[in-house]
file final_39.cif (mmCIF, C-alpha atoms and all ligand atoms)
data_coords
#
loop_
_atom_site.label_atom_id
_atom_site.label_comp_id
_atom_site.auth_asym_id
_atom_site.auth_seq_id
_atom_site.Cartn_x
_atom_site.Cartn_y
_atom_site.Cartn_z
CA MET A 24 24.92 -2.14 8.69
CA LYS A 25 25.81 0.78 6.46
CA THR A 26 22.96 1.93 4.21
CA ILE A 27 23.88 3.65 0.98
CA LEU A 28 21.46 6.10 -0.58
CA SER A 29 21.92 5.94 -4.31
CA ASP A 30 20.32 7.07 -7.52
CA SER A 31 22.29 4.49 -9.47
CA ILE A 32 19.95 1.72 -10.64
CA ASN A 33 23.01 -0.33 -11.63
CA LYS A 34 24.40 -0.14 -8.13
CA ALA A 35 21.04 -1.12 -6.62
CA ALA A 36 20.74 -4.07 -9.03
CA SER A 37 24.16 -5.33 -7.96
CA PHE A 38 22.83 -5.70 -4.41
CA ILE A 39 19.82 -7.70 -5.61
CA LYS A 40 22.15 -9.97 -7.60
CA GLU A 41 24.23 -10.58 -4.46
CA GLY A 42 21.17 -11.75 -2.51
CA GLU A 43 20.79 -8.46 -0.65
CA LEU A 44 17.78 -6.21 -0.09
CA VAL A 45 17.12 -2.91 -1.85
CA ALA A 46 14.39 -0.36 -1.14
CA PHE A 47 13.13 1.23 -4.35
CA PRO A 48 10.49 3.64 -5.63
CA THR A 49 7.31 2.56 -7.35
CA GLU A 50 4.19 4.47 -8.38
CA THR A 51 2.17 2.95 -5.48
CA VAL A 52 4.51 3.06 -2.44
CA TYR A 53 8.23 2.37 -1.91
CA GLY A 54 9.07 -1.34 -1.84
CA ILE A 55 11.74 -3.43 -0.15
CA GLY A 56 12.85 -6.03 -2.68
CA ALA A 57 14.84 -9.23 -3.02
CA ASN A 58 15.49 -11.74 -5.80
CA ALA A 59 12.20 -13.68 -5.82
CA TYR A 60 14.03 -16.93 -6.60
CA ASP A 61 16.44 -16.59 -3.65
CA GLU A 62 14.82 -18.04 -0.54
CA LYS A 63 17.51 -16.75 1.79
CA ALA A 64 17.22 -13.20 0.46
CA VAL A 65 13.42 -13.24 0.73
CA LYS A 66 13.65 -14.48 4.30
CA LYS A 67 15.51 -11.29 5.21
CA ILE A 68 12.51 -9.20 4.09
CA PHE A 69 10.21 -10.92 6.59
CA LYS A 70 12.79 -10.56 9.35
CA ILE A 71 13.55 -6.88 8.82
CA LYS A 72 9.91 -5.84 8.41
CA GLY A 73 8.66 -8.01 11.25
CA ARG A 74 6.21 -9.36 8.70
CA PRO A 75 4.15 -12.41 9.70
CA ALA A 76 5.31 -15.47 7.71
CA ASP A 77 1.73 -16.14 6.53
CA ASN A 78 1.54 -12.82 4.68
CA PRO A 79 2.66 -13.46 1.07
CA LEU A 80 4.68 -11.04 -1.06
CA ILE A 81 3.95 -9.52 -4.44
CA VAL A 82 6.42 -10.49 -7.17
CA HIS A 83 7.36 -7.55 -9.40
CA ILE A 84 8.25 -8.04 -13.06
CA ALA A 85 9.62 -5.86 -15.85
CA SER A 86 8.21 -7.78 -18.78
CA LYS A 87 4.86 -9.45 -19.35
CA LYS A 88 6.76 -12.51 -20.58
CA ASP A 89 7.71 -13.31 -16.99
CA ILE A 90 4.09 -14.01 -16.06
CA GLY A 91 4.22 -17.29 -17.96
CA ILE A 92 7.30 -18.33 -15.99
CA LEU A 93 5.86 -17.50 -12.57
CA ALA A 94 2.25 -18.64 -13.08
CA LYS A 95 0.88 -22.01 -14.12
CA GLU A 96 -2.00 -20.65 -16.09
CA ILE A 97 -3.00 -17.17 -17.20
CA THR A 98 -6.79 -17.21 -16.93
CA PRO A 99 -8.92 -15.26 -19.44
CA SER A 100 -9.81 -12.62 -16.85
CA ALA A 101 -6.12 -12.17 -15.93
CA LYS A 102 -5.28 -11.78 -19.63
CA LYS A 103 -7.79 -8.96 -19.94
CA ILE A 104 -6.54 -7.20 -16.79
CA ILE A 105 -2.91 -7.55 -17.87
CA LYS A 106 -3.68 -6.19 -21.31
CA GLU A 107 -5.61 -3.24 -19.92
CA PHE A 108 -3.66 -2.31 -16.78
CA PHE A 109 -0.09 -3.69 -16.91
CA PRO A 110 2.19 -1.89 -16.26
CA GLY A 111 0.35 -0.12 -13.45
CA PRO A 112 -0.90 -0.12 -9.85
CA VAL A 113 -2.65 -3.49 -10.06
CA THR A 114 -1.69 -7.00 -8.90
CA VAL A 115 -3.11 -10.26 -10.24
CA ILE A 116 -3.32 -13.51 -8.26
CA LEU A 117 -2.78 -16.69 -10.29
CA LYS A 118 -1.84 -20.34 -9.61
CA LYS A 119 1.91 -20.45 -9.06
CA ASN A 120 4.63 -22.45 -10.74
CA GLU A 121 7.12 -24.59 -8.80
CA ILE A 122 9.97 -22.23 -9.65
CA VAL A 123 8.65 -19.75 -7.05
CA PRO A 124 9.89 -20.59 -3.52
CA ASP A 125 7.12 -21.23 -0.96
CA ILE A 126 8.39 -18.50 1.33
CA VAL A 127 7.40 -15.86 -1.26
CA THR A 128 3.78 -16.99 -1.37
CA ALA A 129 3.59 -17.97 2.32
CA GLY A 130 2.94 -21.56 1.31
CA LEU A 131 -0.09 -20.69 -0.87
CA ASP A 132 -0.44 -22.36 -4.25
CA THR A 133 -1.07 -18.94 -5.78
CA ILE A 134 1.22 -16.02 -6.60
CA ALA A 135 0.67 -12.26 -6.67
CA ILE A 136 2.23 -10.59 -9.74
CA ARG A 137 2.61 -6.90 -10.55
CA MET A 138 4.37 -4.96 -13.28
CA PRO A 139 5.03 -1.43 -11.99
CA SER A 140 4.61 1.56 -14.27
CA SER A 141 7.51 3.27 -12.47
CA LYS A 142 10.38 3.26 -14.95
CA ILE A 143 12.96 3.20 -12.17
CA ALA A 144 11.35 0.10 -10.65
CA ARG A 145 11.17 -1.66 -14.01
CA GLU A 146 14.77 -0.79 -14.84
CA LEU A 147 15.90 -2.16 -11.48
CA ILE A 148 14.09 -5.46 -12.16
CA LYS A 149 15.55 -5.60 -15.67
CA LEU A 150 19.12 -4.95 -14.56
CA SER A 151 18.77 -7.44 -11.68
CA GLY A 152 17.81 -10.09 -14.22
CA VAL A 153 15.22 -11.66 -11.90
CA PRO A 154 11.70 -10.92 -10.68
CA ILE A 155 11.74 -8.97 -7.41
CA ALA A 156 9.60 -10.01 -4.44
CA ALA A 157 8.70 -6.83 -2.62
CA PRO A 158 6.30 -5.64 0.07
CA SER A 159 6.20 -2.03 1.24
CA ALA A 160 9.49 -0.71 2.68
CA ASN A 161 8.31 -0.06 6.24
CA PHE A 162 7.90 -1.95 9.49
CA SER A 163 4.84 -4.18 9.35
CA GLY A 164 1.79 -2.31 10.56
CA SER A 165 3.12 1.25 10.12
CA PRO A 166 2.06 3.61 7.31
CA SER A 167 3.55 2.63 3.96
CA PRO A 168 6.42 4.86 2.77
CA THR A 169 5.72 7.16 -0.14
CA SER A 170 9.13 8.88 -0.23
CA PHE A 171 12.70 7.72 0.23
CA ARG A 172 12.87 9.79 3.43
CA HIS A 173 10.10 7.64 4.93
CA VAL A 174 12.12 4.56 4.00
CA MET A 175 15.23 6.05 5.61
CA SER A 176 13.40 6.70 8.83
CA ASP A 177 12.28 3.03 9.08
CA LEU A 178 15.11 1.09 7.47
CA SER A 179 18.37 3.05 7.70
CA ARG A 180 21.17 0.77 8.92
CA LYS A 181 18.93 -2.28 8.42
CA ILE A 182 19.34 -2.73 4.66
CA PRO A 183 22.39 -2.04 2.46
CA CYS A 184 20.79 0.14 -0.22
CA ILE A 185 17.96 2.63 -0.72
CA LEU A 186 17.39 3.59 -4.34
CA ILE A 187 16.32 7.22 -4.44
CA GLY A 188 13.41 8.29 -6.62
CA PRO A 189 10.43 10.64 -6.70
CA ALA A 190 7.49 10.58 -4.27
CA SER A 191 5.00 7.84 -5.12
CA LYS A 192 2.46 8.94 -7.71
CA TYR A 193 -0.56 7.18 -6.15
CA GLY A 194 0.48 6.81 -2.50
CA LEU A 195 -1.66 3.71 -1.84
CA GLU A 196 -0.79 0.06 -2.45
CA SER A 197 -1.92 -1.72 -5.61
CA THR A 198 -5.39 -3.10 -6.29
CA VAL A 199 -5.09 -6.86 -5.64
CA ILE A 200 -7.33 -9.03 -7.83
CA ASP A 201 -7.81 -12.77 -7.48
CA CYS A 202 -7.97 -14.04 -11.06
CA THR A 203 -7.94 -17.78 -10.31
CA GLY A 204 -11.72 -18.13 -10.68
CA LYS A 205 -14.12 -17.35 -13.49
CA ILE A 206 -15.08 -13.96 -12.11
CA PRO A 207 -12.23 -11.84 -10.74
CA VAL A 208 -12.51 -10.78 -7.10
CA ILE A 209 -10.90 -7.68 -5.60
CA LEU A 210 -9.06 -8.64 -2.40
CA ARG A 211 -7.61 -5.19 -1.73
CA PRO A 212 -8.97 -1.98 -3.30
CA GLY A 213 -6.52 0.51 -4.80
CA SER A 214 -6.08 3.20 -7.41
CA ILE A 215 -7.44 1.02 -10.19
CA THR A 216 -11.03 1.24 -9.04
CA LEU A 217 -13.88 -1.27 -8.85
CA GLU A 218 -15.91 0.89 -11.25
CA GLU A 219 -13.09 0.95 -13.80
CA LEU A 220 -12.65 -2.81 -13.54
CA LYS A 221 -16.38 -3.41 -13.92
CA LYS A 222 -16.45 -1.22 -17.00
CA LYS A 223 -13.34 -2.52 -18.71
CA ILE A 224 -13.03 -6.14 -17.51
CA ASP A 225 -16.23 -7.73 -16.17
CA LYS A 226 -19.32 -6.10 -14.70
CA ARG A 227 -19.68 -8.97 -12.20
CA ILE A 228 -16.45 -8.05 -10.36
CA VAL A 229 -16.90 -7.35 -6.64
CA PHE A 230 -14.74 -6.33 -3.69
CA LYS A 231 -15.05 -9.13 -1.16
CA LYS A 232 -13.81 -7.90 2.19
CA ASN A 233 -14.11 -11.28 3.83
CA ALA A 234 -12.70 -13.23 0.93
CA GLY A 235 -9.73 -10.93 1.43
CA LYS A 236 -9.30 -12.13 4.99
CA ILE A 237 -9.07 -15.73 3.97
CA LYS A 238 -7.61 -15.50 0.50
CA SER A 239 -5.27 -12.58 1.03
CA PRO A 240 -3.80 -13.07 4.50
CA GLY A 241 -2.27 -9.59 4.60
CA GLN A 242 -5.76 -8.15 4.84
CA LYS A 243 -6.41 -9.60 8.28
CA TYR A 244 -3.63 -7.64 10.01
CA ARG A 245 -3.74 -4.17 11.49
CA HIS A 246 -2.05 -1.96 8.98
CA TYR A 247 -1.13 1.49 7.86
CA ALA A 248 -1.38 2.86 11.41
CA PRO A 249 0.54 5.85 12.75
CA GLU A 250 1.54 6.21 16.43
CA ALA A 251 -1.27 8.73 16.82
CA LYS A 252 -4.87 7.60 17.26
CA VAL A 253 -6.85 7.70 14.06
CA LYS A 254 -10.49 8.75 14.29
CA LEU A 255 -13.00 8.99 11.49
CA ILE A 256 -15.37 11.90 11.19
CA SER A 257 -18.41 12.06 9.00
CA GLU A 258 -18.35 13.19 5.42
CA PHE A 259 -21.62 15.08 5.93
CA GLY A 260 -20.90 17.80 8.44
CA PHE A 261 -22.41 18.85 11.74
CA GLY A 262 -25.88 17.33 11.40
CA ASN A 263 -24.44 13.98 12.33
CA ALA A 264 -24.76 12.98 16.01
CA ASP A 265 -21.41 11.18 16.17
CA LEU A 266 -19.64 14.11 14.70
CA LYS A 267 -21.28 16.49 17.17
CA ARG A 268 -19.97 14.40 20.03
CA GLU A 269 -16.57 14.25 18.41
CA THR A 270 -16.26 17.96 17.79
CA SER A 271 -17.39 18.89 21.30
CA ASN A 272 -14.74 16.53 22.60
CA VAL A 273 -12.15 18.15 20.46
CA LYS A 274 -13.13 21.63 21.61
CA ARG A 275 -12.91 20.64 25.28
CA GLN A 276 -9.55 19.03 24.84
CA THR A 277 -8.27 21.86 22.75
CA ILE A 278 -8.98 24.37 25.49
CA LYS A 279 -7.54 22.11 28.17
CA GLU A 280 -4.30 21.37 26.42
CA LYS A 281 -3.20 24.62 24.86
CA SER A 282 -0.48 22.97 22.81
CA SER A 283 -3.20 20.68 21.52
CA ALA A 284 -2.06 17.75 19.52
CA PHE A 285 -4.76 17.23 16.94
CA ALA A 286 -4.62 16.94 13.21
CA PHE A 287 -7.12 16.82 10.39
CA ILE A 288 -7.03 15.42 6.89
CA GLY A 289 -9.95 15.50 4.54
CA LEU A 290 -11.76 17.31 1.78
CA SER A 291 -13.72 19.94 3.63
CA LYS A 292 -12.36 23.12 5.21
CA LYS A 293 -15.23 23.44 7.66
CA PHE A 294 -13.88 20.67 9.93
CA ALA A 295 -10.36 21.97 10.07
CA GLY A 296 -10.64 24.96 12.41
CA SER A 297 -9.22 23.76 15.70
CA TYR A 298 -6.46 21.42 14.61
CA LYS A 299 -2.72 21.91 14.76
CA VAL A 300 -1.78 20.15 11.54
CA VAL A 301 -4.25 20.36 8.67
CA LYS A 302 -4.37 18.94 5.19
CA ILE A 303 -7.27 19.89 2.97
CA CYS A 304 -7.19 17.80 -0.18
CA ARG A 305 -8.67 19.09 -3.41
CA SER A 306 -9.68 15.63 -4.60
CA THR A 307 -9.97 12.05 -3.38
CA GLU A 308 -6.89 11.29 -5.51
CA GLU A 309 -4.92 13.86 -3.54
CA TYR A 310 -6.33 12.42 -0.28
CA ALA A 311 -5.10 8.95 -1.30
CA LYS A 312 -1.71 10.27 -2.30
CA SER A 313 -1.20 12.30 0.88
CA LEU A 314 -2.65 9.99 3.54
CA PHE A 315 0.38 7.91 4.60
CA SER A 316 2.75 10.83 4.29
CA PHE A 317 0.39 12.89 6.48
CA PHE A 318 0.28 10.11 9.11
CA ARG A 319 4.07 10.17 9.28
CA GLU A 320 4.22 13.96 9.45
CA CYS A 321 1.75 13.88 12.36
CA ASP A 322 3.87 11.33 14.23
CA ASP A 323 6.97 13.47 13.70
CA LYS A 324 5.09 16.45 15.18
CA GLY A 325 3.86 14.52 18.21
CA ILE A 326 0.19 14.64 17.24
CA LYS A 327 -2.01 12.49 19.49
CA THR A 328 -5.18 12.19 17.44
CA ILE A 329 -5.65 12.44 13.70
CA TYR A 330 -9.19 13.15 12.56
CA CYS A 331 -9.81 11.79 9.09
CA GLN A 332 -12.85 12.78 7.11
CA ARG A 333 -14.81 9.89 5.70
CA VAL A 334 -15.34 9.80 1.96
CA PRO A 335 -18.00 7.88 0.02
CA GLU A 336 -16.82 4.35 -0.74
CA LYS A 337 -16.78 4.80 -4.49
CA GLY A 338 -13.91 5.27 -6.93
CA ILE A 339 -10.63 5.69 -5.08
CA GLY A 340 -12.75 6.40 -1.96
CA LEU A 341 -13.16 2.64 -1.47
CA ALA A 342 -9.38 2.26 -1.09
CA ILE A 343 -9.07 5.30 1.18
CA MET A 344 -11.78 4.00 3.53
CA ASN A 345 -10.23 0.50 3.46
CA ARG A 346 -6.90 1.91 4.69
CA LEU A 347 -8.53 4.24 7.24
CA LYS A 348 -10.60 1.43 8.75
CA LYS A 349 -7.47 -0.68 9.19
CA ALA A 350 -5.59 2.25 10.70
CA ILE A 351 -8.26 2.84 13.39
CA SER A 352 -8.41 -0.74 14.61
CA ASN A 353 -5.57 -0.24 17.09
P1 LIG A 401 2.07 -5.54 0.51
O1 LIG A 401 3.16 -6.06 -0.33
O2 LIG A 401 2.48 -5.25 1.92
O3 LIG A 401 1.37 -4.42 -0.17
O4 LIG A 401 0.99 -6.71 0.64
C1 LIG A 401 0.69 -7.55 -0.42
C2 LIG A 401 -0.77 -7.92 -0.37
O5 LIG A 401 -1.02 -8.89 -1.39
C3 LIG A 401 -1.17 -8.53 0.96
O6 LIG A 401 -2.45 -8.07 1.32
C4 LIG A 401 -1.18 -10.00 0.65
O7 LIG A 401 -2.02 -10.74 1.49
C5 LIG A 401 -1.63 -10.02 -0.81
N1 LIG A 401 -1.14 -11.22 -1.49
C6 LIG A 401 0.12 -11.52 -1.85
N2 LIG A 401 0.18 -12.76 -2.40
C7 LIG A 401 -1.08 -13.24 -2.38
C8 LIG A 401 -1.67 -14.46 -2.82
N3 LIG A 401 -0.95 -15.44 -3.35
N4 LIG A 401 -3.00 -14.60 -2.65
C9 LIG A 401 -3.74 -13.62 -2.11
N5 LIG A 401 -3.23 -12.45 -1.69
C10 LIG A 401 -1.93 -12.25 -1.82
MG MG A 402 2.60 -3.36 3.24
#
call {"tool": "encode", "arguments": {"input": "final_39.cif", "output": "structure tokens"}}
result
Amino acid sequence: MKTILSDSINKAASFIKEGELVAFPTETVYGIGANAYDEKAVKKIFKIKGRPADNPLIVHIASKKDIGILAKEITPSAKKIIKEFFPGPVTVILKKNEIVPDIVTAGLDTIAIRMPSSKIARELIKLSGVPIAAPSANFSGSPSPTSFRHVMSDLSRKIPCILIGPASKYGLESTVIDCTGKIPVILRPGSITLEELKKKIDKRIVFKKNAGKIKSPGQKYRHYAPEAKVKLISEFGFGNADLKRETSNVKRQTIKEKSSAFAFIGLSKKFAGSYKVVKICRSTEEYAKSLFSFFRECDDKGIKTIYCQRVPEKGIGLAIMNRLKKAISN
């Protein structure tokens, strides 16, 4: 199949209208979208990504009005979150309406809804005239794409259109919040942080890792992983016994294999000495934004092991550690 790269939102929308797939930019990661009401089109997403059929998709909207069409009831907590954070990098889970085909929600009676802040994404949805069901535009399990070049490397010749846009502003997938109960529950952490949600929405909100496994099937799969091995190193430096073992390992291997294939990403320069590819981030936000892109760069350069510095699981750090832990379980 021929893939056109285009910056014409009109052109991209015409593919969606024809029941075809389009990859498009958003502020979280690039998505691969189809008309959410078109079962046949949505089926193609699962096939091309190799996505398990029990992993539901997020439905993207351009106007808050669409929430009432897609969801049976907008709970009080959802109302608050929508008011505060839509459009933005946050997804709400609500009871679904019959209009949404089962394939989109993997047979669940709930639906995930997000209104992107990316103007290009919203314009695409608007011009398509339908909500767009879209997961990340990569093969299932690999690092999510944060630039159109990443999308090209995974999906060229597999989909008809890639809509070109800027690199993703946040670089991590949205915060997914189950709003069906009285107290919202975070199923997947993201750039809208637990602390922010506690402050602005409800101080009883928690991130339930295990609820995620049952309630948000996507969370049970290995994810975000590069070809290279991902290893975590401590946030605290060389006092830590694990880290000592790790660094002595690295030193040995580095001497043995002169063209050593190690990489480092993190916040602290002091760990970075003996690695071939290094990314020192000035903030946890930059770490989040760079992580998937760094994984892909390392794979392109034939890196064997990527050492990732742990960060405290607070603020955006909770989302970074969530992705890192999933990337190492391979
Ligand atoms: P992705 O589009 O690849 O970022 O993944 C979407 C995430 O949202 C996955 O972790 C899904 O399991 C989760 N998700 C989508 N729909 C639902 C739903 N109805 N209930 C719970 N989680 C959902
Ligand atoms: Mg994904």
call {"tool": "residues_around", "arguments": {"input": "final_39.cif", "residues": "segment 297-307 of chain A", "least_positions_apart": "6", "cutoff": "9 Å", "atoms": "all atoms listed in the file", "output": "PyMOL selection string"}}
result
chain A and resi 273-274+277+282-291+313+317+320-321+324+326+329-330+334+338-340+343
call {"tool": "atom_distance", "arguments": {"input": "final_39.cif", "atom1": "atom CA of Cys331 of chain A", "atom2": "atom CA of Pro139 of chain A"}}
result
29.0 Å
call {"tool": "closest_residue", "arguments": {"input": "final_39.cif", "among": "A:Glu50, A:Glu41, A:Glu308, A:Asp177", "to": "Ser165 of chain A", "atoms": "all atoms listed in the file"}}
result
A:Asp177
call {"tool": "residues_near_ligand", "arguments": {"input": "final_39.cif", "ligand": "ligand MG 402 (chain A)", "cutoff": "8 Å", "atoms": "only C-alpha atoms and all ligand atoms", "output": "VMD selection string"}}
result
chain A and resid 158 to 161 163 to 164 167 196 246 to 247
call {"tool": "closest_residue", "arguments": {"input": "final_39.cif", "among": "A:Ile143, A:Leu178, A:Ile134, A:Ile116", "to": "Ser191 of chain A", "atoms": "all atoms listed in the file"}}
result
A:Ile143
call {"tool": "residues_around", "arguments": {"input": "final_39.cif", "residues": "segment 67-70 of chain A", "least_positions_apart": "4", "cutoff": "9 Å", "atoms": "only C-alpha atoms", "output": "PyMOL selection string"}}
result
chain A and resi 43-44+55-57+62-63+74-76+157-158
call {"tool": "closest_residue", "arguments": {"input": "final_39.cif", "among": "A:Lys252, A:Lys25, A:Lys34, A:Lys40", "to": "Ile187 of chain A", "atoms": "only C-alpha atoms"}}
result
A:Lys34
call {"tool": "closest_residue", "arguments": {"input": "final_39.cif", "among": "A:Phe171, A:Tyr60, A:Tyr310, A:Phe162", "to": "ligand LIG 401 (chain A)", "atoms": "all atoms listed in the file"}}
result
A:Phe162
call {"tool": "atom_distance", "arguments": {"input": "final_39.cif", "atom1": "atom CA of Arg319 of chain A", "atom2": "atom CA of Thr169 of chain A"}}
result
10.0 Å
call {"tool": "residues_around", "arguments": {"input": "final_39.cif", "residues": "segment 203-211 of chain A", "least_positions_apart": "6", "cutoff": "6 Å", "atoms": "only C-alpha atoms", "output": "list of chain:residue names"}}
result
A:Leu117, A:Ile228, A:Val229, A:Phe230, A:Gly235
call {"tool": "closest_residue", "arguments": {"input": "final_39.cif", "among": "A:Ala135, A:Ile122, A:Ile84, A:Ile351", "to": "ligand LIG 401 (chain A)", "atoms": "all atoms listed in the file"}}
result
A:Ala135
call {"tool": "closest_residue", "arguments": {"input": "final_39.cif", "among": "A:Gly42, A:Gly152, A:Pro124, A:Pro79", "to": "ligand LIG 401 (chain A)", "atoms": "only C-alpha atoms and all ligand atoms"}}
result
A:Pro79
call {"tool": "atom_distance", "arguments": {"input": "final_39.cif", "atom1": "atom CA of Pro249 of chain A", "atom2": "atom CA of Phe315 of chain A"}}
result
8.4 Å
call {"tool": "residues_near_point", "arguments": {"input": "final_39.cif", "point": "(24.6, -5.1, 0.9)", "cutoff": "10 Å", "atoms": "all atoms listed in the file", "output": "list in words"}}
result
Met24, Lys25, Thr26, Ile27, Ala35, Ser37, Phe38, Ile39, Glu41, Gly42, Glu43, Leu44, Val45, Lys181, Ile182, Pro183 and Cys184 of chain A
